[in-house]
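Dumped target_1.tsv below, it's TSV, C-alpha atoms:
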```
chain	number	residue	atom	x	y	z
A	26	MET	CA	-30.63	9.04	-6.83
A	27	LEU	CA	-29.73	5.45	-7.55
A	28	LEU	CA	-30.43	4.47	-3.95
A	29	SER	CA	-33.87	6.05	-4.13
A	30	GLU	CA	-34.60	4.68	-7.62
A	31	LYS	CA	-32.86	1.29	-7.68
A	32	GLN	CA	-34.89	0.33	-10.74
A	33	LEU	CA	-32.59	2.57	-12.81
A	34	MET	CA	-29.94	-0.13	-12.49
A	35	TRP	CA	-32.11	-2.47	-14.55
A	36	PHE	CA	-31.48	-0.49	-17.72
A	37	PRO	CA	-27.75	-1.43	-17.87
A	38	VAL	CA	-28.67	-5.02	-16.96
A	39	LEU	CA	-31.18	-5.23	-19.80
A	40	SER	CA	-28.65	-3.59	-22.13
A	41	PHE	CA	-26.04	-6.22	-21.23
A	42	LEU	CA	-28.44	-9.13	-21.70
A	43	ALA	CA	-29.70	-7.78	-25.04
A	44	SER	CA	-26.13	-7.22	-26.26
A	45	ILE	CA	-25.24	-10.81	-25.36
A	46	ALA	CA	-28.31	-12.00	-27.28
A	47	VAL	CA	-27.18	-10.02	-30.34
A	48	VAL	CA	-23.68	-11.49	-30.18
A	49	ILE	CA	-25.07	-15.03	-29.87
A	50	ALA	CA	-27.44	-14.44	-32.80
A	51	VAL	CA	-24.58	-13.14	-34.96
A	52	GLY	CA	-22.42	-16.10	-33.97
A	53	VAL	CA	-25.16	-18.55	-34.92
A	54	ALA	CA	-25.68	-16.76	-38.24
A	55	ALA	CA	-21.94	-16.94	-38.96
A	56	LEU	CA	-21.89	-20.67	-38.24
A	57	MET	CA	-24.88	-21.24	-40.51
A	58	MET	CA	-23.04	-19.53	-43.37
A	59	GLY	CA	-20.61	-22.45	-43.48
A	60	ASP	CA	-17.64	-22.06	-45.83
A	61	ASN	CA	-16.49	-18.44	-45.96
A	62	SER	CA	-13.43	-18.91	-48.15
A	63	THR	CA	-15.05	-17.45	-51.26
A	64	ASP	CA	-15.13	-13.73	-52.04
A	65	ALA	CA	-18.91	-13.62	-51.79
A	66	ALA	CA	-18.83	-15.32	-48.40
A	67	GLY	CA	-16.13	-12.91	-47.24
A	68	VAL	CA	-18.31	-9.94	-48.17
A	69	ALA	CA	-21.24	-11.56	-46.35
A	70	VAL	CA	-19.13	-11.96	-43.22
A	71	LEU	CA	-18.11	-8.29	-43.34
A	72	LEU	CA	-21.73	-7.23	-43.75
A	73	LEU	CA	-22.70	-9.49	-40.85
A	74	LEU	CA	-19.96	-7.97	-38.70
A	75	ALA	CA	-21.10	-4.44	-39.57
A	76	ALA	CA	-24.68	-5.40	-38.72
A	77	ALA	CA	-23.47	-6.77	-35.38
A	78	TYR	CA	-21.68	-3.50	-34.55
A	79	ILE	CA	-24.79	-1.50	-35.39
A	80	ALA	CA	-27.12	-3.85	-33.51
A	81	VAL	CA	-25.03	-3.76	-30.33
A	82	ALA	CA	-24.70	0.03	-30.58
A	83	TYR	CA	-28.47	0.30	-31.08
A	84	VAL	CA	-29.24	-1.86	-28.04
A	85	GLN	CA	-26.84	0.06	-25.81
A	86	THR	CA	-28.07	3.45	-27.02
A	87	TYR	CA	-31.70	2.41	-26.62
A	88	PHE	CA	-31.35	1.43	-22.97
A	89	LEU	CA	-29.15	4.43	-22.23
A	90	ALA	CA	-31.88	6.65	-23.70
A	91	ALA	CA	-34.42	4.91	-21.47
A	92	LEU	CA	-32.16	5.43	-18.45
A	93	CYS	CA	-31.66	9.12	-19.27
A	94	GLY	CA	-35.40	9.58	-19.71
A	95	SER	CA	-36.18	8.04	-16.33
A	96	ALA	CA	-33.33	9.87	-14.62
A	97	ASN	CA	-34.61	13.17	-16.00
A	98	GLU	CA	-38.04	12.54	-14.51
A	99	LYS	CA	-36.45	12.00	-11.11
A	100	LEU	CA	-34.20	15.05	-11.48
A	101	GLN	CA	-37.29	17.17	-12.06
A	102	GLY	CA	-39.05	15.79	-9.01
A	103	ARG	CA	-41.43	13.43	-10.76
A	104	ASP	CA	-41.93	9.73	-10.13
A	105	THR	CA	-40.66	7.34	-12.76
A	106	THR	CA	-40.87	3.68	-13.65
A	107	LEU	CA	-38.97	1.21	-15.78
A	108	GLY	CA	-41.83	1.21	-18.27
A	109	HIS	CA	-41.83	5.00	-18.49
A	110	GLY	CA	-38.16	5.00	-19.45
A	111	ILE	CA	-38.81	2.39	-22.13
A	112	LYS	CA	-41.70	4.49	-23.45
A	113	ILE	CA	-39.41	7.51	-23.77
A	114	ALA	CA	-36.81	5.45	-25.66
A	115	ASN	CA	-39.55	4.06	-27.94
A	116	SER	CA	-40.47	7.62	-28.91
A	117	ARG	CA	-36.95	8.13	-30.30
A	118	LEU	CA	-36.39	4.86	-32.16
A	119	GLY	CA	-35.45	6.50	-35.46
A	120	ARG	CA	-33.05	8.95	-33.81
A	121	ILE	CA	-31.48	6.13	-31.79
A	122	LEU	CA	-30.93	4.07	-34.95
A	123	GLY	CA	-29.22	6.99	-36.66
A	124	TRP	CA	-26.87	7.51	-33.74
A	125	ALA	CA	-26.18	3.76	-33.50
A	126	VAL	CA	-25.11	3.69	-37.16
A	127	LEU	CA	-22.81	6.68	-36.65
A	128	THR	CA	-21.17	5.45	-33.45
A	129	ALA	CA	-20.83	1.90	-34.81
A	130	THR	CA	-19.10	3.28	-37.91
A	131	VAL	CA	-16.62	5.17	-35.73
A	132	SER	CA	-15.98	2.01	-33.68
A	133	MET	CA	-15.32	-0.04	-36.83
A	134	ILE	CA	-12.92	2.57	-38.19
A	135	LEU	CA	-11.00	2.65	-34.91
A	136	GLU	CA	-10.86	-1.16	-34.93
A	137	VAL	CA	-9.39	-1.16	-38.44
A	138	ILE	CA	-6.79	1.45	-37.45
A	139	GLU	CA	-5.77	-0.66	-34.45
A	140	GLU	CA	-5.47	-3.85	-36.50
A	141	ARG	CA	-3.59	-2.30	-39.40
A	142	LEU	CA	-1.07	-0.23	-37.45
A	143	GLY	CA	-0.36	-2.51	-34.50
A	144	PHE	CA	0.95	-0.78	-31.38
A	145	LEU	CA	0.86	2.66	-33.02
A	146	GLY	CA	-2.68	1.98	-34.19
A	147	ALA	CA	-3.69	1.00	-30.67
A	148	MET	CA	-2.36	4.31	-29.34
A	149	ILE	CA	-4.07	6.33	-32.06
A	150	SER	CA	-7.31	4.42	-31.64
A	151	GLY	CA	-7.19	4.88	-27.86
A	152	LEU	CA	-6.64	8.62	-28.08
A	153	ILE	CA	-9.34	9.14	-30.69
A	154	GLY	CA	-11.71	6.89	-28.77
A	155	ALA	CA	-11.15	8.82	-25.54
A	156	ALA	CA	-11.75	12.14	-27.31
A	157	TRP	CA	-14.87	10.73	-28.96
A	158	ASN	CA	-16.25	9.61	-25.58
A	159	VAL	CA	-15.76	13.11	-24.16
A	160	VAL	CA	-17.30	14.91	-27.13
A	161	THR	CA	-20.30	12.56	-27.31
A	162	PHE	CA	-20.96	12.31	-23.56
A	163	LEU	CA	-24.17	14.37	-23.81
A	164	THR	CA	-25.31	13.14	-27.21
A	165	VAL	CA	-27.89	10.62	-26.00
A	166	PRO	CA	-29.62	13.08	-23.61
A	167	ILE	CA	-29.71	15.57	-26.47
A	168	ILE	CA	-31.35	13.00	-28.77
A	169	VAL	CA	-33.88	12.14	-26.07
A	170	PHE	CA	-34.80	15.63	-24.89
A	171	GLU	CA	-34.29	17.73	-28.01
A	172	ASP	CA	-35.39	15.16	-30.62
A	173	VAL	CA	-32.63	15.90	-33.15
A	174	GLY	CA	-30.73	13.66	-35.55
A	175	PRO	CA	-27.28	12.18	-34.89
A	176	VAL	CA	-25.26	14.85	-36.70
A	177	ASN	CA	-27.05	17.75	-35.02
A	178	ALA	CA	-26.86	15.95	-31.68
A	179	LEU	CA	-23.10	15.57	-32.12
A	180	LYS	CA	-22.72	19.28	-32.94
A	181	ARG	CA	-24.92	20.22	-29.98
A	182	SER	CA	-22.90	17.97	-27.68
A	183	GLY	CA	-19.73	19.70	-28.84
A	184	THR	CA	-21.29	23.08	-28.07
A	185	LEU	CA	-22.36	22.03	-24.58
A	186	LEU	CA	-18.92	20.54	-24.02
A	187	LYS	CA	-17.49	24.08	-23.99
A	188	LYS	CA	-19.60	24.76	-20.88
A	189	THR	CA	-19.02	21.45	-19.11
A	190	TRP	CA	-15.72	19.98	-20.32
A	191	GLY	CA	-14.17	19.95	-16.83
A	192	GLU	CA	-17.13	18.22	-15.21
A	193	ASN	CA	-17.38	15.90	-18.22
A	194	VAL	CA	-13.77	14.66	-18.09
A	195	ILE	CA	-13.62	14.45	-14.29
A	196	ALA	CA	-16.90	12.52	-14.15
A	197	GLN	CA	-15.85	9.95	-16.75
A	198	GLY	CA	-12.45	9.48	-15.12
A	199	GLY	CA	-13.89	9.44	-11.61
A	200	ILE	CA	-16.66	6.94	-12.33
A	201	GLY	CA	-14.19	4.73	-14.18
A	202	LEU	CA	-11.70	4.84	-11.30
A	203	VAL	CA	-14.38	4.09	-8.69
A	204	GLY	CA	-15.58	1.17	-10.80
A	205	LEU	CA	-12.06	-0.19	-11.17
A	206	VAL	CA	-11.47	-0.06	-7.41
A	207	ALA	CA	-14.88	-1.58	-6.69
A	208	MET	CA	-14.06	-4.54	-8.95
A	209	ILE	CA	-10.98	-5.50	-6.94
A	210	PRO	CA	-12.89	-7.82	-4.55
A	211	GLY	CA	-14.46	-9.57	-7.55
A	212	GLY	CA	-11.06	-9.94	-9.17
A	213	ILE	CA	-9.63	-11.41	-5.97
A	214	ALA	CA	-12.50	-13.90	-5.76
A	215	ILE	CA	-11.96	-14.97	-9.38
A	216	TRP	CA	-8.19	-15.33	-8.76
A	217	ILE	CA	-8.86	-17.50	-5.70
A	218	GLY	CA	-11.25	-19.65	-7.71
A	219	VAL	CA	-8.86	-20.09	-10.64
A	220	SER	CA	-5.95	-20.88	-8.30
A	221	ALA	CA	-7.91	-23.34	-6.16
A	222	SER	CA	-7.35	-27.03	-6.80
A	223	GLY	CA	-10.73	-28.30	-5.64
A	224	ALA	CA	-14.00	-27.79	-7.50
A	225	VAL	CA	-15.75	-27.10	-4.20
A	226	ILE	CA	-13.90	-23.77	-3.95
A	227	LYS	CA	-13.18	-23.08	-7.63
A	228	ALA	CA	-16.71	-22.86	-9.04
A	229	PRO	CA	-18.34	-20.82	-6.22
A	230	ALA	CA	-15.42	-18.38	-6.00
A	231	VAL	CA	-15.38	-17.72	-9.75
A	232	ALA	CA	-19.19	-17.39	-9.81
A	233	VAL	CA	-19.21	-14.93	-6.90
A	234	GLY	CA	-16.36	-12.92	-8.47
A	235	LEU	CA	-18.08	-12.68	-11.85
A	236	LEU	CA	-21.41	-11.76	-10.25
A	237	TRP	CA	-19.71	-9.05	-8.20
A	238	CYS	CA	-18.04	-7.58	-11.28
A	239	LEU	CA	-21.31	-7.62	-13.23
A	240	VAL	CA	-23.13	-5.83	-10.41
A	241	VAL	CA	-20.38	-3.20	-10.21
A	242	MET	CA	-20.57	-2.67	-13.98
A	243	ALA	CA	-24.35	-2.24	-13.78
A	244	VAL	CA	-24.07	0.27	-10.94
A	245	MET	CA	-21.34	2.27	-12.67
A	246	SER	CA	-23.31	2.33	-15.93
A	247	ALA	CA	-26.39	3.55	-14.09
A	248	LEU	CA	-24.37	6.24	-12.31
A	249	SER	CA	-22.88	7.36	-15.62
A	250	GLY	CA	-26.33	7.65	-17.19
A	251	ILE	CA	-27.67	9.60	-14.22
A	252	TYR	CA	-24.68	11.93	-14.19
A	253	ARG	CA	-24.75	12.68	-17.92
A	254	THR	CA	-28.45	13.52	-17.58
A	255	ALA	CA	-27.73	15.84	-14.65
A	256	LEU	CA	-24.86	17.42	-16.56
A	257	TYR	CA	-27.13	17.98	-19.57
A	258	ARG	CA	-29.74	19.65	-17.37
A	259	TYR	CA	-27.08	21.89	-15.84
A	260	ALA	CA	-25.65	22.84	-19.25
A	261	VAL	CA	-29.08	23.66	-20.67
A	262	ASP	CA	-30.87	25.12	-17.63
A	263	GLY	CA	-27.86	26.75	-15.99
A	264	GLN	CA	-28.86	25.30	-12.62
A	265	VAL	CA	-27.70	22.26	-10.69
A	266	PRO	CA	-30.58	19.71	-10.51
A	267	GLU	CA	-32.24	19.70	-7.10
A	268	PRO	CA	-31.23	16.12	-6.10
A	269	PHE	CA	-27.56	17.18	-6.41
A	270	LEU	CA	-27.90	20.27	-4.22
A	271	GLY	CA	-25.84	19.92	-1.06
A	272	SER	CA	-23.55	17.34	-2.66
A	273	GLY	CA	-20.81	19.86	-3.45
A	274	MET	CA	-21.66	19.79	-7.15
A	275	GLU	CA	-23.27	23.22	-7.07
A	276	GLN	CA	-20.07	24.80	-5.70
A	277	ALA	CA	-17.93	23.19	-8.40
A	278	PHE	CA	-20.32	24.14	-11.19
A	279	GLY	CA	-21.12	27.56	-9.80
A	280	ALA	CA	-17.47	28.59	-9.38
A	281	ARG	CA	-16.59	27.52	-12.87
A	282	LYS	CA	-19.63	29.20	-14.35
A	283	GLY	CA	-18.82	32.44	-12.56
A	284	LYS	CA	-15.29	32.45	-13.97
A	285	SER	CA	-16.56	32.03	-17.49
A	286	GLY	CA	-18.84	35.04	-17.07
A	287	SER	CA	-21.90	33.13	-18.24
```

Would you write the structure of this file as structure tokens?
Amino acid sequence: MLLSEKQLMWFPVLSFLASIAVVIAVGVAALMMGDNSTDAAGVAVLLLLAAAYIAVAYVQTYFLAALCGSANEKLQGRDTTLGHGIKIANSRLGRILGWAVLTATVSMILEVIEERLGFLGAMISGLIGAAWNVVTFLTVPIIVFEDVGPVNALKRSGTLLKKTWGENVIAQGGIGLVGLVAMIPGGIAIWIGVSASGAVIKAPAVAVGLLWCLVVMAVMSALSGIYRTALYRYAVDGQVPEPFLGSGMEQAFGARKGKSGS
């Protein structure tokens, strides 16, 4: 799907660029606040940090919703464009904001746990975070295609998880592993650049390595969005989307579905 609709990769790219813009804007705002030693300034910094979490979550959810919308069009045999995906996301702005607030709140709580409890907190935060990612894997497609609020989308995602938990976990782990392996050449290029003594080799090698890693991240993010959309369609429709027929996915899904008696 990604090879036939390469424009889908632009959604993660735009998400990354918009997230960087948010971080820069928050950094500038923090610098403009000046002295933050007073209690009032400390509260302002916390509010600014919370706003940053929500803004980044909103940007990432927005472009993921656009990606899911475009991927769904392709899964159902219709042509799609970058603008069409954006239009779909624009139709769910309120729902996206609600989910961004919820997921940002969870992220902040996990961050506090990690900071307060040290190594133990990092373990607890990691386990909860991994479970959260599994449970919420289908939340954004649900928000996009069923037009429900964040709480109902979370409940619905949990319900669909019962049908697709195996495919869900394997997909997240598989895509993550493929991405990690694919980044090795970029990591090697960066290592060569950092280790080099001359600027003639250092700068180009680091630049090529970083660019490679960014491209891999964009591809993996696009694949994840496509897959979660396909998994949502399978969970709801009970059929493997046509573009995935012949890939082996229908055998894996079909066998599991037959065992469950559904």

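Closest approach to Val231 of chain A from the set A:Val38, A:Ile217, A:Ala243, A:Ala147 is made by A:Ile217, with distances taken over only C-alpha atoms.
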
query: Which neighbours of Ile149 of chain A fall inside 12 Å, counting all atoms listed in the file, when residues of the same chain fewer than 5 positions from it are skipped, and could you give them as number ranges by chain?
result: A: 134-144, 154-156

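In this structure, atom CA of Thr105 of chain A sits 8.4 Å away from atom CA of Glu30 of chain A.
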
- request: Dump as a PyMOL selection string all residues having an atom at most 10 Å from (-27.9, 11.6, -28.8), computed in the file's coordinates with only C-alpha atoms.
  value: chain A and resi 86+89-90+117+120-121+123-125+161-179+181-182

message: I'd like the interatomic distance between atom CA of Ser246 of chain A and atom CA of Ala54 of chain A, to a tenth of an Å.
response: 29.5 Å

Applying 6 Å and all atoms listed in the file, which residues near segment 227-230 of chain A remain after dropping the ones on its own chain fewer than 3 positions away? List them as a PDB file with C-alpha atoms, in the frame of the given file.
```pdb
ATOM      1  CA  ALA A 214     -12.500 -13.900  -5.760  1.00  0.00           C
ATOM      2  CA  ILE A 215     -11.960 -14.970  -9.380  1.00  0.00           C
ATOM      3  CA  GLY A 218     -11.250 -19.650  -7.710  1.00  0.00           C
ATOM      4  CA  ALA A 221      -7.910 -23.340  -6.160  1.00  0.00           C
ATOM      5  CA  ALA A 224     -14.000 -27.790  -7.500  1.00  0.00           C
ATOM      6  CA  VAL A 233     -19.210 -14.930  -6.900  1.00  0.00           C
TER       7      VAL A 233
END
```

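Pairwise distance (atom CA of Gly52 of chain A, atom CA of Ala77 of chain A) equals 9.5 Å.
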
task: Compute the distance from (-22.4, -6.7, -33.8) to each atom, counting only C-alpha atoms, keep the residues with any atom at most 9 Å away, and return them as a PyMOL selection string; use the coordinates of the file.
output: chain A and resi 44+47-48+51+73-82+129

message: Calculated over only C-alpha atoms, which of the candidates A:Ala46, A:Leu33, A:Ala247, A:Leu72 has the smallest distance to Ser95 of chain A?
response: A:Leu33

Padding of 4 Å on every side, edges along x, y and z, all listed atoms of segment 94-101 of chain A included: what centre and edge lengths in Å, to one decimal, does that box have, as JSON?
```
{"center_x": -35.7, "center_y": 12.6, "center_z": -15.4, "size_x": 12.7, "size_y": 17.1, "size_z": 16.6}
```

Please output segment 112-142 of chain A, rebuilt to include N, CA and C atoms, as a PDB file, in the coordinates of the input.
```pdb
ATOM      1  N   LYS A 112     -40.781   3.717 -22.591  1.00  0.00           N
ATOM      2  CA  LYS A 112     -41.700   4.490 -23.450  1.00  0.00           C
ATOM      3  C   LYS A 112     -40.981   5.693 -24.052  1.00  0.00           C
ATOM      4  N   ILE A 113     -40.155   6.358 -23.262  1.00  0.00           N
ATOM      5  CA  ILE A 113     -39.410   7.510 -23.770  1.00  0.00           C
ATOM      6  C   ILE A 113     -38.442   7.076 -24.869  1.00  0.00           C
ATOM      7  N   ALA A 114     -37.741   5.960 -24.643  1.00  0.00           N
ATOM      8  CA  ALA A 114     -36.810   5.450 -25.660  1.00  0.00           C
ATOM      9  C   ALA A 114     -37.569   5.066 -26.931  1.00  0.00           C
ATOM     10  N   ASN A 115     -38.749   4.468 -26.777  1.00  0.00           N
ATOM     11  CA  ASN A 115     -39.550   4.060 -27.940  1.00  0.00           C
ATOM     12  C   ASN A 115     -39.960   5.260 -28.795  1.00  0.00           C
ATOM     13  N   SER A 116     -40.069   6.422 -28.165  1.00  0.00           N
ATOM     14  CA  SER A 116     -40.470   7.620 -28.910  1.00  0.00           C
ATOM     15  C   SER A 116     -39.324   8.189 -29.741  1.00  0.00           C
ATOM     16  N   ARG A 117     -38.125   7.632 -29.587  1.00  0.00           N
ATOM     17  CA  ARG A 117     -36.950   8.130 -30.300  1.00  0.00           C
ATOM     18  C   ARG A 117     -36.254   7.014 -31.088  1.00  0.00           C
ATOM     19  N   LEU A 118     -36.995   6.016 -31.507  1.00  0.00           N
ATOM     20  CA  LEU A 118     -36.390   4.860 -32.160  1.00  0.00           C
ATOM     21  C   LEU A 118     -35.585   5.228 -33.399  1.00  0.00           C
ATOM     22  N   GLY A 119     -36.146   6.094 -34.236  1.00  0.00           N
ATOM     23  CA  GLY A 119     -35.450   6.500 -35.460  1.00  0.00           C
ATOM     24  C   GLY A 119     -34.165   7.258 -35.155  1.00  0.00           C
ATOM     25  N   ARG A 120     -34.234   8.178 -34.194  1.00  0.00           N
ATOM     26  CA  ARG A 120     -33.050   8.950 -33.810  1.00  0.00           C
ATOM     27  C   ARG A 120     -31.977   8.031 -33.226  1.00  0.00           C
ATOM     28  N   ILE A 121     -32.419   7.075 -32.412  1.00  0.00           N
ATOM     29  CA  ILE A 121     -31.480   6.130 -31.790  1.00  0.00           C
ATOM     30  C   ILE A 121     -30.783   5.291 -32.853  1.00  0.00           C
ATOM     31  N   LEU A 122     -31.529   4.861 -33.869  1.00  0.00           N
ATOM     32  CA  LEU A 122     -30.930   4.070 -34.950  1.00  0.00           C
ATOM     33  C   LEU A 122     -29.875   4.889 -35.685  1.00  0.00           C
ATOM     34  N   GLY A 123     -30.183   6.148 -35.971  1.00  0.00           N
ATOM     35  CA  GLY A 123     -29.220   6.990 -36.660  1.00  0.00           C
ATOM     36  C   GLY A 123     -27.931   7.145 -35.878  1.00  0.00           C
ATOM     37  N   TRP A 124     -28.064   7.364 -34.565  1.00  0.00           N
ATOM     38  CA  TRP A 124     -26.870   7.510 -33.740  1.00  0.00           C
ATOM     39  C   TRP A 124     -26.105   6.191 -33.640  1.00  0.00           C
ATOM     40  N   ALA A 125     -26.827   5.071 -33.573  1.00  0.00           N
ATOM     41  CA  ALA A 125     -26.180   3.760 -33.500  1.00  0.00           C
ATOM     42  C   ALA A 125     -25.340   3.507 -34.751  1.00  0.00           C
ATOM     43  N   VAL A 126     -25.864   3.865 -35.914  1.00  0.00           N
ATOM     44  CA  VAL A 126     -25.110   3.690 -37.160  1.00  0.00           C
ATOM     45  C   VAL A 126     -23.843   4.542 -37.140  1.00  0.00           C
ATOM     46  N   LEU A 127     -23.967   5.783 -36.684  1.00  0.00           N
ATOM     47  CA  LEU A 127     -22.810   6.680 -36.650  1.00  0.00           C
ATOM     48  C   LEU A 127     -21.744   6.190 -35.676  1.00  0.00           C
ATOM     49  N   THR A 128     -22.149   5.864 -34.455  1.00  0.00           N
ATOM     50  CA  THR A 128     -21.170   5.450 -33.450  1.00  0.00           C
ATOM     51  C   THR A 128     -20.568   4.085 -33.771  1.00  0.00           C
ATOM     52  N   ALA A 129     -21.364   3.195 -34.402  1.00  0.00           N
ATOM     53  CA  ALA A 129     -20.830   1.900 -34.810  1.00  0.00           C
ATOM     54  C   ALA A 129     -19.808   2.071 -35.923  1.00  0.00           C
ATOM     55  N   THR A 130     -20.060   2.998 -36.835  1.00  0.00           N
ATOM     56  CA  THR A 130     -19.100   3.280 -37.910  1.00  0.00           C
ATOM     57  C   THR A 130     -17.772   3.768 -37.348  1.00  0.00           C
ATOM     58  N   VAL A 131     -17.843   4.671 -36.376  1.00  0.00           N
ATOM     59  CA  VAL A 131     -16.620   5.170 -35.730  1.00  0.00           C
ATOM     60  C   VAL A 131     -15.881   4.019 -35.053  1.00  0.00           C
ATOM     61  N   SER A 132     -16.604   3.153 -34.371  1.00  0.00           N
ATOM     62  CA  SER A 132     -15.980   2.010 -33.680  1.00  0.00           C
ATOM     63  C   SER A 132     -15.286   1.085 -34.672  1.00  0.00           C
ATOM     64  N   MET A 133     -15.926   0.835 -35.820  1.00  0.00           N
ATOM     65  CA  MET A 133     -15.320  -0.040 -36.830  1.00  0.00           C
ATOM     66  C   MET A 133     -14.061   0.582 -37.419  1.00  0.00           C
ATOM     67  N   ILE A 134     -14.094   1.888 -37.652  1.00  0.00           N
ATOM     68  CA  ILE A 134     -12.920   2.570 -38.190  1.00  0.00           C
ATOM     69  C   ILE A 134     -11.753   2.496 -37.206  1.00  0.00           C
ATOM     70  N   LEU A 135     -12.041   2.723 -35.934  1.00  0.00           N
ATOM     71  CA  LEU A 135     -11.000   2.650 -34.910  1.00  0.00           C
ATOM     72  C   LEU A 135     -10.441   1.227 -34.805  1.00  0.00           C
ATOM     73  N   GLU A 136     -11.301   0.243 -34.969  1.00  0.00           N
ATOM     74  CA  GLU A 136     -10.860  -1.160 -34.930  1.00  0.00           C
ATOM     75  C   GLU A 136      -9.924  -1.459 -36.092  1.00  0.00           C
ATOM     76  N   VAL A 137     -10.247  -0.950 -37.266  1.00  0.00           N
ATOM     77  CA  VAL A 137      -9.390  -1.160 -38.440  1.00  0.00           C
ATOM     78  C   VAL A 137      -8.035  -0.489 -38.237  1.00  0.00           C
ATOM     79  N   ILE A 138      -8.044   0.735 -37.716  1.00  0.00           N
ATOM     80  CA  ILE A 138      -6.790   1.450 -37.450  1.00  0.00           C
ATOM     81  C   ILE A 138      -5.909   0.651 -36.491  1.00  0.00           C
ATOM     82  N   GLU A 139      -6.517   0.110 -35.447  1.00  0.00           N
ATOM     83  CA  GLU A 139      -5.770  -0.660 -34.450  1.00  0.00           C
ATOM     84  C   GLU A 139      -5.177  -1.928 -35.041  1.00  0.00           C
ATOM     85  N   GLU A 140      -5.951  -2.600 -35.898  1.00  0.00           N
ATOM     86  CA  GLU A 140      -5.470  -3.850 -36.500  1.00  0.00           C
ATOM     87  C   GLU A 140      -4.390  -3.604 -37.538  1.00  0.00           C
ATOM     88  N   ARG A 141      -4.531  -2.550 -38.305  1.00  0.00           N
ATOM     89  CA  ARG A 141      -3.590  -2.300 -39.400  1.00  0.00           C
ATOM     90  C   ARG A 141      -2.250  -1.743 -38.928  1.00  0.00           C
ATOM     91  N   LEU A 142      -2.277  -0.930 -37.869  1.00  0.00           N
ATOM     92  CA  LEU A 142      -1.070  -0.230 -37.450  1.00  0.00           C
ATOM     93  C   LEU A 142      -0.427  -0.791 -36.190  1.00  0.00           C
TER      94      LEU A 142
END
```
